[in-house]
Amino acid sequence: SLGTLVLGQEQDERGGGFLINEVFRGFLSQLNIWSYELDVKTIQNISRCVSSINGDIFSSDVDEP
């Protein structure tokens, strides 16, 4: 199914309800999106910097031409 990914803002209603005072102000790094669910051990290893796995759908760590 198709959906919407919203980064840096919490939705108060589907597709909207954004409030200016709730906007994320900062930097996002190492953003990854996978087409599959990661197991708990993999998530723990990533969070502890034991391993780094780029998302197969999107990774901000990949240079694109």
# chains A, B, ... in the order shown; residues from 1 in each chain; ligands from 1
$ select_by_dssp --residues "chain A" --states "strand (DSSP E or B)" --output "mmCIF file with all heavy atoms, in the first residue's frame"
data_model
loop_
_atom_site.group_PDB
_atom_site.id
_atom_site.type_symbol
_atom_site.label_atom_id
_atom_site.label_comp_id
_atom_site.auth_asym_id
_atom_site.auth_seq_id
_atom_site.Cartn_x
_atom_site.Cartn_y
_atom_site.Cartn_z
ATOM 1 N N GLU A 13 -3.454 14.713 12.335
ATOM 2 C CA GLU A 13 -4.488 14.050 11.540
ATOM 3 C C GLU A 13 -3.806 13.479 10.309
ATOM 4 O O GLU A 13 -2.688 13.860 9.974
ATOM 5 C CB GLU A 13 -5.588 15.036 11.150
ATOM 6 C CG GLU A 13 -5.080 16.226 10.354
ATOM 7 C CD GLU A 13 -6.124 17.304 10.195
ATOM 8 O OE1 GLU A 13 -6.626 17.801 11.216
ATOM 9 O OE2 GLU A 13 -6.407 17.655 9.047
ATOM 10 N N GLY A 16 -1.924 15.729 7.629
ATOM 11 C CA GLY A 16 -1.949 17.142 7.998
ATOM 12 C C GLY A 16 -1.978 17.369 9.482
ATOM 13 O O GLY A 16 -1.598 16.522 10.269
ATOM 14 N N ASN A 32 17.976 5.375 7.429
ATOM 15 C CA ASN A 32 17.869 4.185 6.589
ATOM 16 C C ASN A 32 16.444 3.667 6.592
ATOM 17 O O ASN A 32 15.753 3.730 7.617
ATOM 18 C CB ASN A 32 18.796 3.081 7.105
ATOM 19 C CG ASN A 32 20.249 3.415 6.898
ATOM 20 O OD1 ASN A 32 20.744 3.313 5.784
ATOM 21 N ND2 ASN A 32 20.933 3.810 7.956
ATOM 22 N N ILE A 33 16.022 3.158 5.440
ATOM 23 C CA ILE A 33 14.709 2.526 5.311
ATOM 24 C C ILE A 33 14.917 1.173 4.651
ATOM 25 O O ILE A 33 15.549 1.080 3.599
ATOM 26 C CB ILE A 33 13.749 3.396 4.478
ATOM 27 C CG1 ILE A 33 13.587 4.779 5.122
ATOM 28 C CG2 ILE A 33 12.386 2.695 4.332
ATOM 29 C CD1 ILE A 33 12.786 5.760 4.283
ATOM 30 N N PHE A 58 16.342 3.029 1.112
ATOM 31 C CA PHE A 58 16.968 4.346 1.183
ATOM 32 C C PHE A 58 18.043 4.334 2.257
ATOM 33 O O PHE A 58 17.888 3.720 3.300
ATOM 34 C CB PHE A 58 15.928 5.434 1.530
ATOM 35 C CG PHE A 58 16.539 6.788 1.725
ATOM 36 C CD1 PHE A 58 16.802 7.591 0.638
ATOM 37 C CD2 PHE A 58 16.877 7.235 2.993
ATOM 38 C CE1 PHE A 58 17.399 8.847 0.801
ATOM 39 C CE2 PHE A 58 17.467 8.481 3.169
ATOM 40 C CZ PHE A 58 17.723 9.288 2.072
ATOM 41 N N SER A 59 19.140 5.023 1.983
ATOM 42 C CA SER A 59 20.174 5.246 2.977
ATOM 43 C C SER A 59 20.795 6.613 2.724
ATOM 44 O O SER A 59 21.231 6.909 1.620
ATOM 45 C CB SER A 59 21.254 4.159 2.909
ATOM 46 O OG SER A 59 22.289 4.461 3.831
#
$ residues_around --residues "Glu22 in chain A" --least-positions-apart "3" --cutoff "12 Å" --atoms "only C-alpha atoms" --output "list in words"
Leu7, Gly8, Gln9, Glu10, Gln11, Asp12, Gly17, Phe18, Leu19 and Arg25 of chain A
$ write_last_selection --atoms "N, CA, C and O atoms" --output "PDB file, in the first residue's frame"
ATOM      1  N   LEU A   7       9.062  13.265   8.184  1.00  0.00           N
ATOM      2  CA  LEU A   7      10.206  13.368   9.078  1.00  0.00           C
ATOM      3  C   LEU A   7      10.229  14.756   9.699  1.00  0.00           C
ATOM      4  O   LEU A   7      10.056  15.750   9.009  1.00  0.00           O
ATOM      5  N   GLY A   8      10.432  14.810  10.987  1.00  0.00           N
ATOM      6  CA  GLY A   8      10.584  16.095  11.657  1.00  0.00           C
ATOM      7  C   GLY A   8       9.294  16.773  12.053  1.00  0.00           C
ATOM      8  O   GLY A   8       9.286  17.935  12.427  1.00  0.00           O
ATOM      9  N   GLN A   9       8.186  16.067  11.986  1.00  0.00           N
ATOM     10  CA  GLN A   9       6.899  16.657  12.361  1.00  0.00           C
ATOM     11  C   GLN A   9       5.932  15.539  12.713  1.00  0.00           C
ATOM     12  O   GLN A   9       5.894  14.521  12.051  1.00  0.00           O
ATOM     13  N   GLU A  10       5.173  15.729  13.736  1.00  0.00           N
ATOM     14  CA  GLU A  10       4.162  14.764  14.180  1.00  0.00           C
ATOM     15  C   GLU A  10       2.822  15.204  13.600  1.00  0.00           C
ATOM     16  O   GLU A  10       2.482  16.387  13.619  1.00  0.00           O
ATOM     17  N   GLN A  11       2.103  14.245  13.021  1.00  0.00           N
ATOM     18  CA  GLN A  11       0.808  14.559  12.410  1.00  0.00           C
ATOM     19  C   GLN A  11      -0.305  14.487  13.456  1.00  0.00           C
ATOM     20  O   GLN A  11      -0.368  13.538  14.218  1.00  0.00           O
ATOM     21  N   ASP A  12      -1.168  15.473  13.469  1.00  0.00           N
ATOM     22  CA  ASP A  12      -2.337  15.431  14.343  1.00  0.00           C
ATOM     23  C   ASP A  12      -3.538  14.829  13.638  1.00  0.00           C
ATOM     24  O   ASP A  12      -4.541  14.506  14.274  1.00  0.00           O
ATOM     25  N   GLY A  17      -2.467  18.523   9.855  1.00  0.00           N
ATOM     26  CA  GLY A  17      -2.529  18.884  11.263  1.00  0.00           C
ATOM     27  C   GLY A  17      -1.175  19.236  11.833  1.00  0.00           C
ATOM     28  O   GLY A  17      -0.914  19.026  13.010  1.00  0.00           O
ATOM     29  N   PHE A  18      -0.296  19.753  10.978  1.00  0.00           N
ATOM     30  CA  PHE A  18       1.044  20.101  11.425  1.00  0.00           C
ATOM     31  C   PHE A  18       1.038  21.440  12.163  1.00  0.00           C
ATOM     32  O   PHE A  18       0.341  22.365  11.767  1.00  0.00           O
ATOM     33  N   LEU A  19       1.825  21.511  13.203  1.00  0.00           N
ATOM     34  CA  LEU A  19       1.930  22.736  13.991  1.00  0.00           C
ATOM     35  C   LEU A  19       3.370  23.241  13.953  1.00  0.00           C
ATOM     36  O   LEU A  19       4.319  22.474  14.164  1.00  0.00           O
ATOM     37  N   ARG A  25      13.870  20.716  14.794  1.00  0.00           N
ATOM     38  CA  ARG A  25      14.933  21.622  14.358  1.00  0.00           C
ATOM     39  C   ARG A  25      16.257  20.963  14.736  1.00  0.00           C
ATOM     40  O   ARG A  25      16.598  20.863  15.907  1.00  0.00           O
TER      41      ARG A  25
END
$ select_by_dssp --residues "chain A" --states "alpha helix (DSSP H)" --output "NGL selection string"
:A and (40-47)
$ closest_residue --among "A:Leu31, A:Ile43, A:Ile20, A:Leu2" --to "Asp56 in chain A" --atoms "only C-alpha atoms"
A:Leu31
$ residues_around --residues "range 45-47 of chain A" --least-positions-apart "6" --cutoff "12 Å" --atoms "only C-alpha atoms" --output "mmCIF file with N, CA and C atoms, in the first residue's frame"
data_model
loop_
_atom_site.group_PDB
_atom_site.id
_atom_site.type_symbol
_atom_site.label_atom_id
_atom_site.label_comp_id
_atom_site.auth_asym_id
_atom_site.auth_seq_id
_atom_site.Cartn_x
_atom_site.Cartn_y
_atom_site.Cartn_z
ATOM 1 N N GLN A 30 22.379 9.252 9.268
ATOM 2 C CA GLN A 30 22.266 7.805 9.125
ATOM 3 C C GLN A 30 20.805 7.346 9.084
ATOM 4 N N LEU A 31 20.051 7.996 8.231
ATOM 5 C CA LEU A 31 18.654 7.613 8.031
ATOM 6 C C LEU A 31 18.606 6.464 7.043
ATOM 7 N N ASN A 32 17.976 5.375 7.429
ATOM 8 C CA ASN A 32 17.869 4.185 6.589
ATOM 9 C C ASN A 32 16.444 3.667 6.592
ATOM 10 N N LEU A 38 13.853 -5.562 10.667
ATOM 11 C CA LEU A 38 15.141 -5.937 11.256
ATOM 12 C C LEU A 38 14.901 -6.692 12.554
ATOM 13 N N ASP A 39 15.723 -7.723 12.791
ATOM 14 C CA ASP A 39 15.578 -8.463 14.038
ATOM 15 C C ASP A 39 16.203 -7.658 15.184
ATOM 16 N N ILE A 53 24.439 -1.047 8.746
ATOM 17 C CA ILE A 53 23.804 -1.666 7.588
ATOM 18 C C ILE A 53 22.978 -0.606 6.872
ATOM 19 N N ASN A 54 23.294 -0.361 5.615
ATOM 20 C CA ASN A 54 22.529 0.603 4.834
ATOM 21 C C ASN A 54 21.171 0.027 4.473
ATOM 22 N N GLY A 55 20.142 0.862 4.500
ATOM 23 C CA GLY A 55 18.813 0.438 4.095
ATOM 24 C C GLY A 55 18.786 0.070 2.621
#
